[in-house]
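Novice: Data: target_2.txt, compact mmCIF, C-alpha atoms.
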```txt
# COMPACT_ATOMS: atom_id res chain seq x y z
CA MET A 14 -46.33 14.92 15.29
CA LEU A 15 -47.02 11.90 17.44
CA VAL A 16 -45.77 13.52 20.65
CA PHE A 17 -48.22 16.46 20.34
CA GLN A 18 -51.10 14.07 19.79
CA LEU A 19 -49.98 11.78 22.57
CA ALA A 20 -49.53 14.35 25.36
CA PRO A 21 -53.15 15.57 25.72
CA SER A 22 -54.57 12.10 25.21
CA ILE A 23 -53.07 10.72 28.39
CA ASN A 24 -55.91 11.35 30.79
CA SER A 25 -55.89 10.57 34.45
CA SER A 26 -58.12 11.56 37.33
CA ASN A 27 -55.00 12.22 39.43
CA PRO A 28 -53.65 15.72 38.60
CA LEU A 29 -50.15 14.74 39.80
CA VAL A 30 -49.96 11.99 37.21
CA THR A 31 -51.13 14.41 34.55
CA ILE A 32 -48.45 16.98 35.49
CA LEU A 33 -45.79 14.28 35.66
CA THR A 34 -46.80 13.00 32.24
CA GLN A 35 -46.65 16.48 30.79
CA VAL A 36 -43.20 17.06 32.33
CA LEU A 37 -41.91 13.73 31.05
CA VAL A 38 -43.04 14.58 27.54
CA TRP A 39 -42.22 18.26 27.31
CA VAL A 40 -38.97 18.61 29.28
CA PRO A 41 -36.90 16.25 27.08
CA TRP A 42 -38.52 17.84 24.06
CA ILE A 43 -37.46 21.35 25.16
CA ILE A 44 -33.96 20.10 26.09
CA LEU A 45 -33.57 18.54 22.67
CA ILE A 46 -34.82 21.68 20.91
CA PHE A 47 -32.39 24.02 22.69
CA TRP A 48 -29.41 21.78 23.49
CA GLY A 49 -29.81 18.88 21.04
CA GLN A 50 -26.95 19.99 18.83
CA ARG A 51 -24.67 20.51 21.83
CA ILE A 52 -25.46 17.02 23.07
CA GLN A 53 -24.70 15.66 19.59
CA VAL A 54 -21.43 17.65 19.55
CA SER A 55 -20.30 16.20 22.87
CA ILE A 56 -21.17 12.64 21.74
CA SER A 57 -19.20 13.17 18.50
CA LEU A 58 -16.31 14.78 20.38
CA GLY A 59 -16.12 11.79 22.70
CA GLN A 60 -16.07 9.29 19.84
CA VAL A 61 -13.56 11.24 17.72
CA SER A 62 -11.38 11.80 20.78
CA ARG A 63 -11.23 8.04 21.46
CA SER A 64 -10.34 7.35 17.81
CA LEU A 65 -7.73 10.11 17.91
CA ALA A 66 -6.15 8.52 20.98
CA ARG A 67 -5.95 5.23 19.05
CA LEU A 68 -4.38 7.00 16.06
CA LYS A 69 -1.81 8.55 18.40
CA MET A 70 -1.05 5.14 19.86
CA LEU A 71 -0.57 3.70 16.34
CA ARG A 72 1.63 6.65 15.32
CA ASP A 73 3.79 6.15 18.43
CA LYS A 74 3.99 2.41 17.80
CA SER A 75 5.24 2.96 14.24
CA LYS A 76 7.90 5.37 15.55
CA GLN A 77 8.89 2.82 18.17
CA VAL A 78 9.32 0.05 15.55
CA LEU A 79 11.37 2.41 13.35
CA MET A 80 13.60 3.50 16.21
CA GLY A 81 13.99 -0.13 17.33
CA TYR A 82 15.21 -1.11 13.85
CA VAL A 83 17.50 1.92 13.66
CA ALA A 84 18.95 1.19 17.11
CA ALA A 85 19.75 -2.37 15.99
CA LYS A 86 21.48 -1.18 12.80
CA ALA A 87 23.31 1.81 14.34
CA PRO A 88 23.64 1.05 18.06
CA GLY A 89 24.24 4.06 20.29
CA ASP A 90 23.89 6.52 17.43
CA ALA A 91 21.49 9.04 18.99
CA ALA A 92 22.15 11.65 16.30
CA THR A 93 20.92 9.34 13.53
CA ALA A 94 17.79 8.42 15.46
CA ALA A 95 17.07 12.13 16.08
CA ARG A 96 17.65 12.92 12.40
CA LEU A 97 15.22 10.20 11.32
CA GLU A 98 12.65 11.52 13.76
CA GLU A 99 13.00 14.92 12.09
CA PHE A 100 12.28 13.21 8.78
CA LEU A 101 8.81 12.29 10.04
CA GLU A 102 8.01 16.01 9.75
CA TYR A 103 9.54 16.25 6.28
CA PHE A 104 7.22 17.84 3.73
CA THR A 105 7.00 18.16 -0.03
CA ILE A 106 5.30 21.13 -1.66
CA PRO A 107 3.50 20.07 -4.83
CA PRO A 108 3.91 22.32 -7.89
CA VAL A 109 1.44 25.09 -8.64
CA GLY A 110 -1.42 23.99 -10.89
CA LEU A 111 -2.54 27.50 -11.98
CA ASP A 112 -0.70 26.99 -15.24
CA PRO A 113 -1.02 23.23 -15.81
CA VAL A 114 1.37 23.15 -18.78
CA GLY A 115 4.39 21.07 -17.76
CA VAL A 116 3.05 20.39 -14.26
CA VAL A 117 3.94 16.67 -14.52
CA LYS A 118 7.59 17.43 -15.31
CA ARG A 119 7.78 19.87 -12.40
CA PHE A 120 6.11 17.38 -10.04
CA ASP A 121 8.47 14.66 -11.25
CA HIS A 122 11.44 16.91 -10.52
CA ILE A 123 10.19 17.71 -6.99
CA LEU A 124 9.52 14.05 -6.14
CA THR A 125 12.88 12.95 -7.55
CA THR A 126 14.56 15.58 -5.36
CA GLN A 127 12.63 14.28 -2.33
CA ASP A 128 13.57 10.63 -3.02
CA LYS A 129 17.24 11.47 -3.59
CA ARG A 130 17.38 13.55 -0.41
CA ILE A 131 15.92 10.79 1.78
CA ARG A 132 18.11 8.15 0.10
CA ARG A 133 21.25 10.24 0.61
CA GLU A 134 20.46 10.91 4.27
CA VAL A 135 19.75 7.21 4.95
CA GLY A 136 22.82 6.19 2.92
CA GLU A 137 25.10 8.50 4.90
CA ALA A 138 23.64 7.48 8.26
CA PHE A 139 23.76 3.73 7.59
CA GLN A 140 26.97 3.28 5.61
CA LYS A 141 27.56 -0.19 7.04
CA SER A 142 24.08 -1.44 6.08
CA ASP A 143 23.45 -3.11 2.73
CA ARG A 144 21.03 -1.92 0.01
CA ILE A 145 18.18 -4.05 1.35
CA GLU A 146 18.46 -2.70 4.89
CA ARG A 147 18.70 0.88 3.66
CA SER A 148 15.61 0.43 1.47
CA ILE A 149 13.76 -1.04 4.45
CA ILE A 150 14.64 2.03 6.54
CA GLU A 151 13.48 4.33 3.70
CA ASN A 152 10.16 2.44 3.50
CA MET A 153 9.73 2.46 7.28
CA VAL A 154 10.37 6.22 7.42
CA GLY A 155 7.70 6.63 4.70
CA VAL A 156 5.12 4.60 6.66
CA ALA A 157 5.88 6.32 9.99
CA ALA A 158 5.71 9.75 8.29
CA ALA A 159 2.34 8.83 6.71
CA LEU A 160 0.94 7.82 10.11
CA ASN A 161 2.30 10.99 11.68
CA GLN A 162 0.65 13.08 8.96
CA ILE A 163 -2.72 11.28 9.30
CA PHE A 164 -2.66 11.83 13.07
CA LYS A 165 -1.78 15.51 12.77
CA VAL A 166 -4.43 16.29 10.14
CA ILE A 167 -7.18 14.52 12.11
CA ARG A 168 -6.08 16.25 15.32
CA HIS A 169 -6.22 19.60 13.48
CA TYR A 170 -9.85 19.09 12.39
CA TYR A 171 -10.80 17.66 15.80
CA ILE A 172 -9.52 20.79 17.57
CA LEU A 173 -11.19 23.05 14.96
CA GLY A 174 -14.50 21.21 15.46
CA LYS A 175 -14.16 21.39 19.23
CA LYS A 176 -13.33 25.11 19.26
CA GLY A 177 -16.26 26.07 17.09
CA ASN A 178 -18.70 23.39 18.32
CA ASN A 179 -18.92 22.53 14.62
CA ILE A 180 -21.22 19.52 14.41
CA TYR A 181 -20.76 19.16 10.63
CA LEU A 182 -16.98 18.95 10.86
CA LEU A 183 -17.14 16.49 13.75
CA ALA A 184 -19.79 14.36 12.01
CA GLN A 185 -17.53 14.03 8.95
CA LEU A 186 -14.60 13.02 11.17
CA GLN A 187 -16.82 10.51 12.98
CA MET A 188 -17.82 8.98 9.65
CA ILE A 189 -14.31 8.56 8.22
CA MET A 190 -12.69 7.43 11.49
CA PRO A 191 -13.44 3.67 11.27
CA MET A 192 -11.84 3.45 7.79
CA LEU A 193 -8.88 5.61 8.85
CA ILE A 194 -8.25 3.47 11.92
CA LYS A 195 -8.29 0.32 9.74
CA GLN A 196 -5.76 1.87 7.36
CA ALA A 197 -3.59 3.07 10.24
CA ASP A 198 -3.72 -0.43 11.73
CA ALA A 199 -2.62 -1.85 8.38
CA LEU A 200 0.24 0.66 8.16
CA VAL A 201 1.51 -0.31 11.62
CA ASN A 202 1.33 -4.00 10.69
CA ALA A 203 3.21 -3.13 7.49
CA MET A 204 6.11 -1.88 9.65
CA THR A 205 6.69 -5.43 10.90
CA THR A 206 6.39 -6.78 7.35
CA LEU A 207 8.96 -4.22 6.16
CA GLU A 208 11.29 -4.95 9.06
CA LEU A 209 11.39 -8.64 8.15
CA GLY A 210 11.66 -7.95 4.40
CA GLN A 211 8.52 -9.92 3.51
CA PRO A 212 6.70 -9.34 0.20
CA LEU A 213 3.78 -6.91 0.39
CA GLY A 214 0.39 -7.44 -1.29
CA ASP A 215 1.48 -4.75 -3.76
CA GLY A 216 4.38 -7.01 -4.82
CA ILE A 217 2.34 -9.35 -7.00
CA GLY A 218 3.44 -7.62 -10.25
CA PRO A 219 7.18 -7.92 -9.46
CA ILE A 220 6.67 -11.58 -8.40
CA ALA A 221 4.88 -12.41 -11.68
CA VAL A 222 7.70 -10.89 -13.75
CA GLY A 223 10.52 -11.96 -11.39
CA LEU A 224 9.51 -15.62 -11.77
CA LEU A 225 9.74 -15.24 -15.56
CA MET A 226 13.23 -13.74 -15.14
CA LYS A 227 14.46 -16.73 -13.11
CA ASP A 228 17.58 -18.28 -14.71
CA LYS A 229 17.73 -15.52 -17.35
CA GLU A 230 20.58 -13.06 -17.70
CA LYS A 231 19.66 -9.83 -15.90
CA LYS A 232 20.75 -6.28 -16.71
CA GLU A 233 20.36 -3.37 -14.30
CA MET A 234 18.78 -0.24 -15.75
CA GLY A 235 19.57 2.82 -13.67
CA GLU A 236 19.71 2.45 -9.90
CA GLU A 237 16.55 0.54 -9.13
CA THR A 238 15.25 -1.29 -12.18
CA VAL A 239 16.23 -4.55 -13.84
CA MET A 240 15.44 -6.17 -17.19
CA ALA A 241 15.89 -9.55 -18.83
CA GLU A 242 15.10 -11.09 -22.20
CA SER A 243 13.00 -14.18 -22.72
CA GLU A 244 10.95 -15.90 -25.39
CA TYR A 245 7.43 -17.26 -25.61
CA LYS A 246 6.06 -19.15 -28.64
CA GLY A 247 8.19 -17.16 -31.09
CA ARG A 248 7.55 -13.79 -29.41
CA LYS A 249 10.55 -11.93 -27.97
CA LEU A 250 9.83 -10.84 -24.41
CA VAL A 251 11.53 -7.95 -22.60
CA LEU A 252 10.88 -8.32 -18.87
CA VAL A 253 11.13 -5.25 -16.62
CA LYS A 254 10.71 -4.90 -12.86
CA ALA A 255 12.12 -3.00 -9.88
CA LEU A 256 15.40 -4.40 -8.58
CA GLY A 257 14.72 -6.68 -5.63
CA PRO A 258 14.64 -7.93 -3.01
CA GLU A 259 14.96 -4.40 -1.62
CA GLY A 260 11.84 -2.34 -0.98
CA SER A 261 11.55 -0.29 -4.12
CA VAL A 262 9.08 0.39 -6.92
CA GLY A 263 11.89 1.13 -9.36
CA GLU A 264 11.98 3.73 -12.10
CA ILE A 265 9.59 1.89 -14.39
CA ASP A 266 8.74 4.93 -16.55
CA ASP A 267 12.39 5.77 -17.28
CA ALA A 268 13.23 2.10 -17.88
CA LEU A 269 10.35 1.74 -20.37
CA GLU A 270 11.45 4.88 -22.18
CA LYS A 271 14.97 3.47 -22.48
CA VAL A 272 13.69 0.09 -23.70
CA VAL A 273 11.29 1.55 -26.27
CA LYS A 274 13.37 4.48 -27.54
CA LYS A 275 16.95 3.24 -27.27
CA THR A 276 17.41 -0.50 -26.72
CA TYR A 277 14.67 -1.85 -29.00
CA LYS A 278 12.85 0.14 -31.63
CA ASP A 279 10.51 -2.70 -32.66
CA VAL A 280 8.30 -3.02 -29.53
CA SER A 281 4.81 -4.05 -30.62
CA SER A 282 3.01 -4.00 -27.29
CA ILE A 283 3.47 -3.28 -23.58
CA ILE A 284 1.80 -5.45 -20.93
CA MET A 285 1.70 -4.14 -17.35
CA ILE A 286 0.98 -6.39 -14.36
CA ASP A 287 -0.01 -4.70 -11.11
CA ALA A 288 -2.16 -4.98 -8.00
CA ALA A 289 -5.38 -2.98 -8.30
CA LEU A 290 -7.83 -1.82 -5.68
CA LYS A 291 -10.87 -4.06 -5.52
CA LEU A 292 -14.39 -2.81 -5.06
CA GLU A 293 -16.30 -4.04 -2.01
CA GLY A 294 -17.82 -7.39 -2.93
CA GLU A 295 -14.96 -8.37 -5.26
CA LYS A 296 -12.79 -11.28 -4.22
CA THR A 297 -9.17 -10.80 -3.15
CA GLY A 298 -6.83 -12.37 -5.69
CA ASP A 299 -9.22 -12.14 -8.65
CA VAL A 300 -7.34 -11.56 -11.90
CA SER A 301 -8.71 -9.22 -14.59
CA GLU A 302 -7.36 -7.90 -17.83
CA GLY A 303 -7.90 -4.64 -19.66
CA VAL A 304 -6.10 -1.85 -21.47
CA GLY A 305 -4.18 1.19 -20.20
CA ALA A 306 -1.21 1.90 -17.98
CA ALA A 307 -1.61 -0.12 -14.78
CA ILE A 308 0.50 1.89 -12.37
CA GLY A 309 -0.42 3.86 -9.24
CA GLY A 310 1.27 6.70 -7.41
CA TYR A 311 0.80 10.39 -8.09
CA GLY A 312 0.21 9.79 -11.81
CA ILE A 313 3.61 10.96 -13.04
CA GLU A 314 4.81 7.54 -14.20
CA LYS A 315 1.37 6.83 -15.65
CA PHE A 316 1.45 10.08 -17.63
CA LYS A 317 4.94 9.40 -18.98
CA ILE A 318 4.11 5.82 -19.98
CA GLU A 319 0.85 6.87 -21.68
CA GLN A 320 2.68 9.64 -23.56
CA LEU A 321 5.42 7.24 -24.63
CA ALA A 322 2.90 4.66 -25.85
CA TYR A 323 0.90 7.33 -27.68
CA ASP A 324 3.99 8.81 -29.39
CA LYS A 325 5.18 5.38 -30.53
CA LYS A 326 1.64 4.09 -31.21
CA ILE A 327 2.22 1.05 -28.99
CA PRO A 328 -0.85 -0.54 -27.39
CA ILE A 329 -0.73 -0.98 -23.59
CA TYR A 330 -2.47 -3.97 -22.00
CA ALA A 331 -3.04 -4.40 -18.28
CA ILE A 332 -3.41 -7.44 -16.04
CA VAL A 333 -4.41 -6.70 -12.47
CA VAL A 334 -4.87 -8.67 -9.26
CA ARG A 335 -7.68 -7.34 -7.10
CA GLU A 336 -6.98 -6.48 -3.46
CA SER A 337 -7.97 -3.87 -0.90
CA ILE A 338 -5.69 -1.01 0.13
CA ILE A 339 -5.18 -2.74 3.49
CA GLU A 340 -4.09 -5.97 1.74
CA ALA A 341 -1.83 -4.02 -0.64
CA ILE A 342 0.20 -2.40 2.16
CA GLY A 343 0.30 -5.49 4.39
CA ALA A 344 2.09 -8.84 4.09
CA MET A 345 1.06 -10.67 0.91
CA ARG A 346 -1.94 -12.89 1.62
CA LYS A 347 -2.26 -16.49 0.40
CA GLU A 348 -5.12 -15.66 -2.01
CA ILE A 349 -2.93 -13.04 -3.71
CA ALA A 350 0.17 -15.28 -3.86
CA GLU A 351 -1.90 -18.10 -5.35
CA SER A 352 -3.16 -15.88 -8.17
CA ILE A 353 0.28 -16.10 -9.85
CA LYS A 354 -0.69 -19.12 -11.97
CA GLN A 355 -3.72 -17.32 -13.34
CA VAL A 356 -1.70 -14.14 -13.92
CA HIS A 357 0.78 -16.11 -16.05
CA GLU A 358 -2.00 -17.88 -17.97
CA THR A 359 -3.66 -14.52 -18.71
CA LEU A 360 -0.32 -12.98 -19.67
CA PHE A 361 0.52 -15.71 -22.17
CA ARG A 362 -2.98 -15.57 -23.67
CA VAL A 363 -2.74 -11.77 -24.06
CA ILE A 364 0.71 -12.15 -25.68
CA GLU A 365 -0.61 -14.73 -28.16
CA GLU A 366 -3.73 -12.71 -28.98
CA SER A 367 -2.07 -9.31 -29.27
CA SER A 368 1.27 -10.05 -30.91
CA PRO A 369 2.21 -12.18 -33.92
CA GLU A 370 5.22 -14.51 -33.91
CA GLY A 371 8.49 -12.59 -34.09
CA ALA A 372 7.00 -9.52 -32.37
CA ARG A 373 8.68 -7.93 -29.38
CA VAL A 374 6.57 -7.53 -26.22
CA VAL A 375 7.58 -5.63 -23.08
CA VAL A 376 6.18 -7.14 -19.85
CA VAL A 377 6.38 -4.88 -16.81
CA GLY A 378 5.85 -5.97 -13.19
CA VAL A 379 4.64 -2.92 -11.29
CA GLY A 380 4.72 -2.58 -7.50
CA ASN A 381 6.98 -2.70 -4.46
CA THR A 382 9.51 -5.50 -4.90
CA LEU A 383 10.40 -5.94 -1.21
CA GLY A 384 11.16 -9.61 -0.57
CA VAL A 385 11.05 -10.41 -4.30
CA GLY A 386 14.23 -11.17 -6.22
CA GLN A 387 14.60 -11.92 -9.91
CA MET B 22 8.11 -18.90 13.47
CA MET B 23 7.01 -15.43 12.50
CA GLY B 24 3.61 -14.33 13.68
CA SER B 25 1.98 -10.93 13.47
CA GLU B 26 -1.45 -9.39 13.63
CA LEU B 27 -3.70 -9.00 10.61
CA GLY B 28 -5.84 -5.94 11.32
CA SER B 29 -6.64 -5.76 14.98
CA GLU B 30 -8.57 -8.98 15.35
CA GLN B 31 -6.97 -11.72 13.22
CA LYS B 32 -3.60 -13.42 13.83
CA GLN B 33 -1.56 -14.61 10.88
CA MET B 34 1.45 -16.79 10.11
CA ILE B 35 3.98 -16.12 7.37
CA TYR B 36 4.98 -19.13 5.27
CA THR B 37 7.70 -19.70 2.70
CA VAL B 38 7.12 -22.16 -0.15
CA GLU B 39 10.23 -23.71 -1.71
CA HIS B 40 10.14 -25.62 -4.99
CA CYS B 41 12.41 -28.26 -6.49
CA ASP B 42 12.33 -28.17 -10.30
CA ALA B 43 13.83 -31.65 -10.61
CA CYS B 44 11.26 -33.46 -8.42
CA ASP B 45 8.49 -30.89 -8.95
CA ILE B 46 7.72 -30.82 -5.24
CA ASN B 47 6.89 -27.95 -2.92
CA ASN B 48 8.03 -27.59 0.67
CA LYS B 49 6.03 -25.23 2.88
CA ARG B 50 7.78 -23.99 6.01
CA ALA B 51 7.68 -21.03 8.41
CA PHE B 52 9.22 -17.82 7.05
CA GLN B 53 12.77 -17.10 8.19
CA LYS B 54 14.39 -13.67 8.14
CA GLY B 55 16.40 -13.33 4.92
CA ASP B 56 13.97 -15.34 2.81
CA TYR B 57 12.86 -13.75 -0.45
CA VAL B 58 11.05 -14.94 -3.56
CA ILE B 59 13.40 -16.48 -6.18
CA LYS B 60 16.16 -17.06 -3.61
CA LYS B 61 18.05 -20.33 -3.75
CA SER B 62 17.17 -21.73 -0.39
CA GLY B 63 19.02 -25.00 -0.02
CA LYS B 64 19.15 -28.61 -1.17
CA CYS B 65 16.08 -30.68 -1.97
CA PRO B 66 15.73 -33.43 0.69
CA LYS B 67 14.75 -35.92 -2.04
CA CYS B 68 17.22 -35.37 -4.91
CA GLY B 69 19.73 -32.86 -3.52
CA ALA B 70 19.05 -30.31 -6.27
CA GLU B 71 18.85 -26.60 -5.48
CA MET B 72 15.45 -25.50 -4.16
CA VAL B 73 14.11 -22.03 -4.97
CA ILE B 74 11.64 -19.96 -2.94
CA MET B 75 8.60 -19.50 -5.13
CA SER B 76 6.24 -17.82 -2.72
CA ILE B 77 6.02 -16.08 0.66
CA TYR B 78 2.59 -15.33 2.06
CA ALA B 79 0.54 -14.68 5.17
CA GLU B 80 -2.15 -17.09 6.18
CA ALA B 81 -4.76 -16.33 8.83
CA LEU B 82 -4.57 -18.69 11.80
CA LYS B 83 -7.64 -20.87 12.26
CA ARG B 84 -9.33 -20.30 15.61
```
Written as structure tokens, that's how I'd like the structure from this file.

Specialist:
Amino acid sequence: MLVFQLAPSINSSNPLVTILTQVLVWVPWIILIFWGQRIQVSISLGQVSRSLARLKMLRDKSKQVLMGYVAAKAPGDAATAARLEEFLEYFTIPPVGLDPVGVVKRFDHILTTQDKRIRREVGEAFQKSDRIERSIIENMVGVAAALNQIFKVIRHYYILGKKGNNIYLLAQLQMIMPMLIKQADALVNAMTTLELGQPLGDGIGPIAVGLLMKDKEKKEMGEETVMAESEYKGRKLVLVKALGPEGSVGEIDDALEKVVKKTYKDVSSIIMIDAALKLEGEKTGDVSEGVGAAIGGYGIEKFKIEQLAYDKKIPIYAIVVRESIIEAIGAMRKEIAESIKQVHETLFRVIEESSPEGARVVVVGVGNTLGVGQ
Amino acid sequence: MMGSELGSEQKQMIYTVEHCDACDINNKRAFQKGDYVIKKSGKCPKCGAEMVIMSIYAEALKR
């Protein structure tokens, strides 16, 4: 190595200079050999600790926004505020996957129970608030709980790494921290967006379908989903989206099942419009088309829609608008809002290409419909 | 006017775009609480017909 070659080659007639040179070369070398990892651990600990402090600040800020909103809707109601704070620690145990048969149904049941429980609690605590305000509180609780969970998990691994001087654990934390902080920042900003009832980036699907529903007769399907009928160049359109403008993603899977199995038995294709995560380098607001069920979440709705389409032999087409996770959970950006024209052009082209005149096509707008009516 | 932070470094404004079907004109204004897409938002200043909110979006403020 260069240092071994370098040390003896530095010659000087002064022995003091020679000794000093040797010390300057060998002492740091020995320190790095014996304590290098410890030095690296303390550098990593310092960086992770600073990021953790920022995460804590963001978690506290989200709580503060939630409690501010709650205080405005239920002034002086300390019990409700305390109950909502307890909800930040609320957990859901996913079903066991040892025997995967029927795991989706069991997961669906558990998540439905969770949603109903939160909705009932919020409904009882805010009886004077309307549906929109209650949905906003539900969404805000979800965001604050997510931030709380992120903070607690990162703190857990930070303490584990610190206790065991585990450089590998701390290095992994150090690497994911910048992305986590960005997402946490976006979640906190989303709290303000939710509070004001503005459309989220994820709401592009409901906007695309909601605009097609304008001036059409609407019919509510279940608690959170709405449908309308329309027509395009001889094709009969069935439009489905979550009921807005409250913050909800609706029960799209159940609504589709009802449409395909009960209301209409002649559906020839399903077209789903949704926001999709872009890859780095892709442009926000780019519109692409493909096939398959365009719907996120845990995969339960996706599974049910795929199964339904397979059983009925109905092709599923997808139109997606590209955006990052940070753009999806934040206020809708101009580039995304302006993609609507292209989404509609693509939709009508797909309808014409995939379905003959007289055919019935179901068009689904997938995503959170906060700030989007119909 | 509603302003909030986009990420930690970029400020943004939220705008509402209203459309009049009769005149085919758009009116861009600052977002107001209670606005939502496909809400009837008032009379068109030109023809008096009902205007509808067609879009609500965030735009980064130019430095």

Novice: Using all atoms listed in the file and a cut-off of 8 Å, which residues of chain A sit close to chain B? Please list them as an MDAnalysis selection string.

Specialist: chainID A and resid 195 198:199 202 205 209:212 220 223:224 227 258 344:347 350 384:387

Novice: What does the distance from CA of Glu314 (chain A) to CA of Asp267 (chain A) come to in Å, to one decimal?

Specialist: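 Distance reported for this atom pair: 8.4 Å.
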
Novice: List as a list of chain:residue names the residues having at least one atom at most 12 Å from position (-13.1, -4.8, -5.1) as given in the file, counting all atoms listed in the file.

Specialist: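 Taken together, the residues in range are A:Ala288, A:Ala289, A:Leu290, A:Lys291, A:Leu292, A:Glu293, A:Gly294, A:Glu295, A:Lys296, A:Thr297, A:Gly298, A:Asp299, A:Val300, A:Ser301, A:Val333, A:Val334, A:Arg335, A:Glu336, A:Ser337, A:Ile338, A:Ile339, A:Glu340.
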
Novice: Mind dumping the selected residues with C-alpha atoms as a PDB file, in the coordinates of the input?

Specialist:
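Dumped to selection02.pdb:
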```pdb
ATOM      1  CA  ALA A 288      -2.160  -4.980  -8.000  1.00  0.00           C
ATOM      2  CA  ALA A 289      -5.380  -2.980  -8.300  1.00  0.00           C
ATOM      3  CA  LEU A 290      -7.830  -1.820  -5.680  1.00  0.00           C
ATOM      4  CA  LYS A 291     -10.870  -4.060  -5.520  1.00  0.00           C
ATOM      5  CA  LEU A 292     -14.390  -2.810  -5.060  1.00  0.00           C
ATOM      6  CA  GLU A 293     -16.300  -4.040  -2.010  1.00  0.00           C
ATOM      7  CA  GLY A 294     -17.820  -7.390  -2.930  1.00  0.00           C
ATOM      8  CA  GLU A 295     -14.960  -8.370  -5.260  1.00  0.00           C
ATOM      9  CA  LYS A 296     -12.790 -11.280  -4.220  1.00  0.00           C
ATOM     10  CA  THR A 297      -9.170 -10.800  -3.150  1.00  0.00           C
ATOM     11  CA  GLY A 298      -6.830 -12.370  -5.690  1.00  0.00           C
ATOM     12  CA  ASP A 299      -9.220 -12.140  -8.650  1.00  0.00           C
ATOM     13  CA  VAL A 300      -7.340 -11.560 -11.900  1.00  0.00           C
ATOM     14  CA  SER A 301      -8.710  -9.220 -14.590  1.00  0.00           C
ATOM     15  CA  VAL A 333      -4.410  -6.700 -12.470  1.00  0.00           C
ATOM     16  CA  VAL A 334      -4.870  -8.670  -9.260  1.00  0.00           C
ATOM     17  CA  ARG A 335      -7.680  -7.340  -7.100  1.00  0.00           C
ATOM     18  CA  GLU A 336      -6.980  -6.480  -3.460  1.00  0.00           C
ATOM     19  CA  SER A 337      -7.970  -3.870  -0.900  1.00  0.00           C
ATOM     20  CA  ILE A 338      -5.690  -1.010   0.130  1.00  0.00           C
ATOM     21  CA  ILE A 339      -5.180  -2.740   3.490  1.00  0.00           C
ATOM     22  CA  GLU A 340      -4.090  -5.970   1.740  1.00  0.00           C
TER      23      GLU A 340
END
```

Novice: For region 135-141 of chain A, find every residue with an atom within 12 Å (counting only C-alpha atoms), except residues of its own chain fewer than 4 positions away, and show them as a PyMOL selection string.

Specialist: chain A and resi 82-88+90-97+100+128-131+145-154

Novice: Can you work out the spacing between CA of Ala43 (chain B) and CA of Lys64 (chain B) in Å, to one decimal?

Specialist: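 Result for CA of Ala43 (chain B) versus CA of Lys64 (chain B): 11.3 Å, one decimal.
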
Novice: Any idea what the distance is between CA of Leu160 (chain A) and CA of Leu124 (chain A)?

Specialist: 19.4 Å

Novice: Between A:Leu207, A:Ile167, A:Leu37, A:Leu173, which has the minimum distance to Ser64 (chain A) (counting all atoms listed in the file)?

Specialist: A:Ile167

Novice: Under the rule that only C-alpha atoms are counted, which of A:Leu68, A:Val78, A:Val251, A:Leu225 is the nearest residue to Ile284 (chain A)?

Specialist: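 Nearest to Ile284 (chain A): A:Val251.
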
Novice: Determine the nearest neighbour of Leu213 (chain A) from the options A:Glu358, A:Glu237, A:Glu259, A:Glu242, counting all atoms listed in the file.

Specialist: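 Once distances to Leu213 (chain A) are computed over all atoms listed in the file, the minimum belongs to A:Glu259.
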
Novice: Compare A:Leu58, A:Val117, A:Ala255, A:Met192 by their minimum atom-to-atom distance to Gln320 (chain A), counting all atoms listed in the file, and give me the closest one.

Specialist: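 Among A:Leu58, A:Val117, A:Ala255, A:Met192, it is A:Val117 that comes nearest to Gln320 (chain A).
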
Novice: At most 10 Å from (18.6, -9.0, -15.7), file frame, all atoms listed in the file: which residues, as a PyMOL selection string?

Specialist: chain A and resi 223+226-234+238-242+251-254+256+387

Novice: Take every atom of region 268-279 of chain A listed in the file, pad by 3 Å on each side, and give me the axis-aligned box centre and edge lengths in Å, one decimal, as AutoDock Vina command-line options.

Specialist:
```
--center_x 13.9 --center_y 1.1 --center_z -25.3 --size_x 13.1 --size_y 13.6 --size_z 20.8
```

Novice: Just the residues within 8 Å of Asn48 (chain B), please, counting only C-alpha atoms, with nothing from its chain fewer than 2 positions along; format it as number ranges by chain.

Specialist: B: 38-40, 46, 50
